[in-house]
Structure formats: structure tokens, C-alpha cells
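Here the structure comes first, spelled out in C-alpha cells, and everything after it is commentary.
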Amino acid sequence: MQTTASPTDTLQAVEQLRQAREDILREVRKVIIGQQDVIDDVLTCLFSRGHALIVGVPGLAKTLLVSTIASILDLKYKRIQFTPDLMPSDITGTDVIEENLATGKREVAFLAGPIFANIILADEINRTPPKTQASLLQAMQEREVTVGNKTYKLDAPFLVLATQNPIEQEGTYPLPEAQQDRFMFNIYIGYPTEAEEVQIGLATTVDATPDLKTVMKGADILRYQAIVRKVPVANHVAAYAAKLVRATRPGQPDSSDIAKKWLQWGAGPRAVQNLLLGGKARAILRGNFHVSTDDIRACATSVLRHRLIPNFAAEAEGIDTVKVIQELVKSVPEPKE
């Protein structure tokens, strides 16, 4: 007989997750200096069952951040280096013919690819052709892959963190809008401050290896992911998320003047879902069992950055999507409770 967790147990789990977040941040800071918001966004995606596209110039410890989090959470981690000659089977796996030592007969066996892990780092995803990029879509959406006539379930939890270089370089293949929409967050990693850069230089030029402690295991993450889905959202908070997304669509009745002036294309319904899920995870990671409009606003940039397409006027004026989002957040009023 299946039992339902009591409200007291749920609230205790919320407090445990709040403490776990502090423990994770403490361990990550042994390796990563700064990047507090980036770490929080990655954790928000993890506990929301989402995926993240991490954008930043080379050398900002994107790979190190992902591997460190995987180590702290005791999760199976695989890094896939995306190159122009990478094939879909290099990611998902392939069928091979093997000889059965017991019977002496040849049999078809499935050789699993690196996608069969808990945390996947898709490094420089825009350096491989669209056909190979698309091989991630089924895994990200359905948590399974199909090879030949068979479908294989992926182990949970499952998180894809894809890195992308923002600099226009030769040999890159931009991600189609439909594929970018599969990512819950678009996380931007900027340059460190001067003080942080000094600390990075001092910490990484000595012969010392940080002693990282395991904070959480896969079973714990699955339990917290289930609790995130139970976090209540008031109607006025959900309405605010919807109003914010609907305001991004030029040519629609609910469009804002900002969208009409600077946007060619707005966000779809998946943005509303991700704003609410992100708000839930953000709230629970801070020990709150309810979502506020502040949680929605905190997630707005990461959720909308890759879902808005500026028009020619915005590009001519040097207006990027982050500026548009900031203006939208200021202009869209909160519905009454």
C-alpha cells in the first residue's frame, strides 16, 4: 500500500533541502570562486527536472563547475565533446554483433553511449551539425533513447548541461529555436570580478586538491524533485507568469509596447511552465513552501533569454534580449491576489 507523505514530513524535507543547498554551495566554493547565481540556476534546473544551456567565453570553468556538482551529488557524470564529425550514435549508442561465449553464436547487443548517465555535459554543442544536436532531443524530453527498433529508458535523475560559446566563430552551427526551447534555463557565465580573479589565480597555481564531501545521492534528489512538484502556486502568481510571457509576443492582443518595438518573436507556453517550475524549485531551495512573484522575476531572465528573438530595430540600437526582459519585468504589473 502506497503511503502519502504528511504535511509535517514535507515541511521537514523542505528544511532539509534548504540546508542541503547551503552544504552544496559550501563544497562548490572549495573549487569554484564566485558564480553564486550560476550555481543556484544549475541547482534549480536539477530539482525542476529541467536542462540548462550554459553560455560563456572559454576559460570560465564551465566544465569544472558541472563535474564538481556531479561529484558532490554522487551522480554518474559524462562529458561529450561536440565536434563537426560527431555522429548521433556516438551519443546514444549503437547495436553491435558479439559472439556469445556460452553458445558460440553471434548475437546483437546494445553498446550504450555516454548519454546513459545522470549528468551530461554537452560541451560546445553548437560545434556539431543539427542532425547530431537533435539526437539529444528525445533524451531531454522523454528521458529515453531509441536505437533501431528498441527504446531504452535513461536512469533518473537526468540532467543535460550544454555549453555554447557566444563568440561568432568559424565551424559553428547555431541551435534552432525549437531545440533551444527544450532547455529550461539559458545561464550566462560572465567574467569574474577583479578580487575573484586574483583569488582564482592564487588558488589554482598551488599543488593542492580540495577534499569534496558528498552532500546528496540520486535517491534523495528524486525525492526532492517530487516535493518541488507539490509546492503550491497561488492563482495571482501563475497569472503573473502568464502575463509576463504573453507580453513578449508582438502582434498579439496582450503584447507589450516593448515587444512591439524590439521583438520579432516571443516565448511560447513552455516558458510559463518553466517560470512556475523554476519558481517552485527556487522557493523550496530557500526553505519556502510557496512561490512568490519575486521567485518568478528571479527566473525570468534565464527562462526567457533564449526564447525571445530581437528585431532589426533592437539590433540597430544595441538592445539585447536581457535588456528587453528587464524592461518587461518593470512594465508588467502584478495581478491582484
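Here's how to read the names in the C-alpha cells: chain A, B, ... by the order shown, residue numbers from 1 in each chain, ligand numbers from 1 in the order shown.
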Which residues of region 220-299 of chain A come within 12 Å of region 67-77 of chain A, and for each one, what is the closest pair of atoms and their distance in Å to one decimal, counting only C-alpha atoms, sorted by chain and residue number, as a tab-separated table?
```
residue	atom	partner	partner_atom	distance
A:Asp220	CA	A:Leu73	CA	9.4
A:Ile221	CA	A:Leu73	CA	8.5
A:Leu222	CA	A:Leu73	CA	11.9
```
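Residues of region 64-193 of chain A carrying a DSSP assignment of alpha helix (DSSP H), computed from the backbone, are Leu64, Leu65, Val66, Ser67, Thr68, Ile69, Ala70, Ser71, Ile72, Ser89, Asp90, Ile91, Thr92, Pro130, Lys131, Thr132, Gln133, Ser135, Leu136, Leu137, Gln138, Ala139, Met140, Gln141, Glu142, Glu177, Ala178, Gln179 and Gln180 of chain A.
Taking CA of Ala61 (chain A) and CA of Leu46 (chain A) as the two end points, the separation is 18.9 Å.
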>> Give me, as a PyMOL selection string, all polymer residues having an atom no more than 9 Å from region 127-132 of chain A, counting only C-alpha atoms and skipping those fewer than 6 positions away in the same chain.
In response: chain A and resi 82-91+164+171-176
> For Glu196 (chain A), which residue out of A:Leu65, A:Leu212, A:Leu25, A:Ile33 is the nearest one, using only C-alpha atoms?
Replying inline: A:Ile33
> Hey, what's within 7 Å of region 37-45 of chain A if we count only C-alpha atoms and toss same-chain stuff fewer than 4 positions away? As a PyMOL selection string, please?
Replying inline: chain A and resi 49-52+184+187+189+278+281-282
Could you write those residues out with N, CA and C atoms, as an mmCIF file, in the first residue's frame?
```
data_model
loop_
_atom_site.group_PDB
_atom_site.id
_atom_site.type_symbol
_atom_site.label_atom_id
_atom_site.label_comp_id
_atom_site.auth_asym_id
_atom_site.auth_seq_id
_atom_site.Cartn_x
_atom_site.Cartn_y
_atom_site.Cartn_z
ATOM 1 N N ARG A 49 13.781 19.075 -12.697
ATOM 2 C CA ARG A 49 13.861 18.087 -13.780
ATOM 3 C C ARG A 49 14.020 18.777 -15.137
ATOM 4 N N GLY A 50 14.714 19.907 -15.142
ATOM 5 C CA GLY A 50 14.945 20.644 -16.378
ATOM 6 C C GLY A 50 16.368 20.479 -16.869
ATOM 7 N N HIS A 51 16.685 21.195 -17.945
ATOM 8 C CA HIS A 51 18.024 21.175 -18.523
ATOM 9 C C HIS A 51 18.471 22.623 -18.730
ATOM 10 N N ALA A 52 19.768 22.834 -18.851
ATOM 11 C CA ALA A 52 20.283 24.190 -18.956
ATOM 12 C C ALA A 52 21.292 24.324 -20.087
ATOM 13 N N MET A 184 15.385 24.453 -20.171
ATOM 14 C CA MET A 184 14.616 25.230 -19.206
ATOM 15 C C MET A 184 15.247 26.605 -18.994
ATOM 16 N N ILE A 187 21.747 29.949 -19.046
ATOM 17 C CA ILE A 187 22.551 30.519 -17.955
ATOM 18 C C ILE A 187 23.799 31.165 -18.537
ATOM 19 N N ILE A 189 27.422 32.863 -18.020
ATOM 20 C CA ILE A 189 28.560 32.993 -17.109
ATOM 21 C C ILE A 189 29.423 34.159 -17.575
ATOM 22 N N GLY A 278 10.576 26.713 -12.139
ATOM 23 C CA GLY A 278 11.758 27.373 -11.593
ATOM 24 C C GLY A 278 11.441 28.111 -10.311
ATOM 25 N N ALA A 281 11.152 25.487 -7.490
ATOM 26 C CA ALA A 281 12.450 24.975 -7.040
ATOM 27 C C ALA A 281 13.229 26.050 -6.288
ATOM 28 N N ARG A 282 13.178 27.274 -6.800
ATOM 29 C CA ARG A 282 13.900 28.369 -6.142
ATOM 30 C C ARG A 282 13.353 28.599 -4.736
#
```
> In region 12-171 of chain A, what's strand (DSSP E) per DSSP? Answer as a ChimeraX atom specification?
Replying inline: /A:52-55,77-81,93-99,106-112,119-123,144-147,150-153,159-164
Excluding Val57 (chain A) and any residue of its chain fewer than 4 positions from it, enumerate the residues within 10 Å of it, using only C-alpha atoms, and give them as an mmCIF file with N, CA and C atoms, in the first residue's frame.
```cif
data_model
loop_
_atom_site.group_PDB
_atom_site.id
_atom_site.type_symbol
_atom_site.label_atom_id
_atom_site.label_comp_id
_atom_site.auth_asym_id
_atom_site.auth_seq_id
_atom_site.Cartn_x
_atom_site.Cartn_y
_atom_site.Cartn_z
ATOM 1 N N ALA A 61 35.509 28.082 -16.401
ATOM 2 C CA ALA A 61 35.295 26.920 -15.511
ATOM 3 C C ALA A 61 33.908 26.307 -15.655
ATOM 4 N N LYS A 62 33.337 26.345 -16.854
ATOM 5 C CA LYS A 62 32.026 25.725 -17.059
ATOM 6 C C LYS A 62 32.102 24.215 -16.837
ATOM 7 N N THR A 163 27.058 23.496 -23.062
ATOM 8 C CA THR A 163 27.782 24.751 -23.129
ATOM 9 C C THR A 163 27.813 25.247 -24.566
ATOM 10 N N GLN A 164 27.849 26.562 -24.687
ATOM 11 C CA GLN A 164 27.866 27.187 -26.003
ATOM 12 C C GLN A 164 28.737 28.431 -25.929
ATOM 13 N N ASN A 165 29.603 28.588 -26.916
ATOM 14 C CA ASN A 165 30.473 29.755 -26.962
ATOM 15 C C ASN A 165 29.729 30.906 -27.624
ATOM 16 N N PRO A 166 29.600 32.060 -26.964
ATOM 17 C CA PRO A 166 28.844 33.164 -27.547
ATOM 18 C C PRO A 166 29.566 33.883 -28.675
ATOM 19 N N ILE A 167 30.880 33.664 -28.795
ATOM 20 C CA ILE A 167 31.653 34.355 -29.828
ATOM 21 C C ILE A 167 31.373 33.713 -31.181
ATOM 22 N N TYR A 188 23.976 32.435 -18.247
ATOM 23 C CA TYR A 188 25.137 33.164 -18.765
ATOM 24 C C TYR A 188 26.208 33.272 -17.680
ATOM 25 N N ILE A 189 27.422 32.863 -18.020
ATOM 26 C CA ILE A 189 28.560 32.993 -17.109
ATOM 27 C C ILE A 189 29.423 34.159 -17.575
ATOM 28 N N GLY A 190 29.512 35.167 -16.744
ATOM 29 C CA GLY A 190 30.309 36.339 -17.087
ATOM 30 C C GLY A 190 31.707 36.270 -16.495
ATOM 31 N N TYR A 191 32.497 37.283 -16.781
ATOM 32 C CA TYR A 191 33.853 37.352 -16.233
ATOM 33 C C TYR A 191 33.805 37.576 -14.718
#
```
>> I'd like the contact shell of Leu275 (chain A) - 12 Å cut-off, only C-alpha atoms, skipping same-chain residues fewer than 5 positions apart - returned as a ChimeraX atom specification.
In response: /A:44-45,48,50,184-185,233,237-245,267-270,280-283,291-304
> Within 6 Å of region 257-263 of chain A, counting only C-alpha atoms, which residues qualify if same-chain residues fewer than 6 places away don't, as number ranges by chain?
Replying inline: A: 248, 250, 309-311, 314
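If you look at CA of Leu136 (chain A) and CA of Ala178 (chain A), they are 12.5 Å away from each other.
With distances restricted to only C-alpha atoms, A:Arg182 is the closest residue to Glu142 (chain A) from A:Gly201, A:Arg182, A:Ala112, A:Leu60.
Among the candidates A:Ile200, A:Val160, A:Ala208, A:Val231, the residue lying nearest to Ile125 (chain A) is A:Val160 (atoms considered: only C-alpha atoms).
Taking CA of Arg29 (chain A) and CA of Glu197 (chain A) as endpoints, the distance between them is 14.0 Å.
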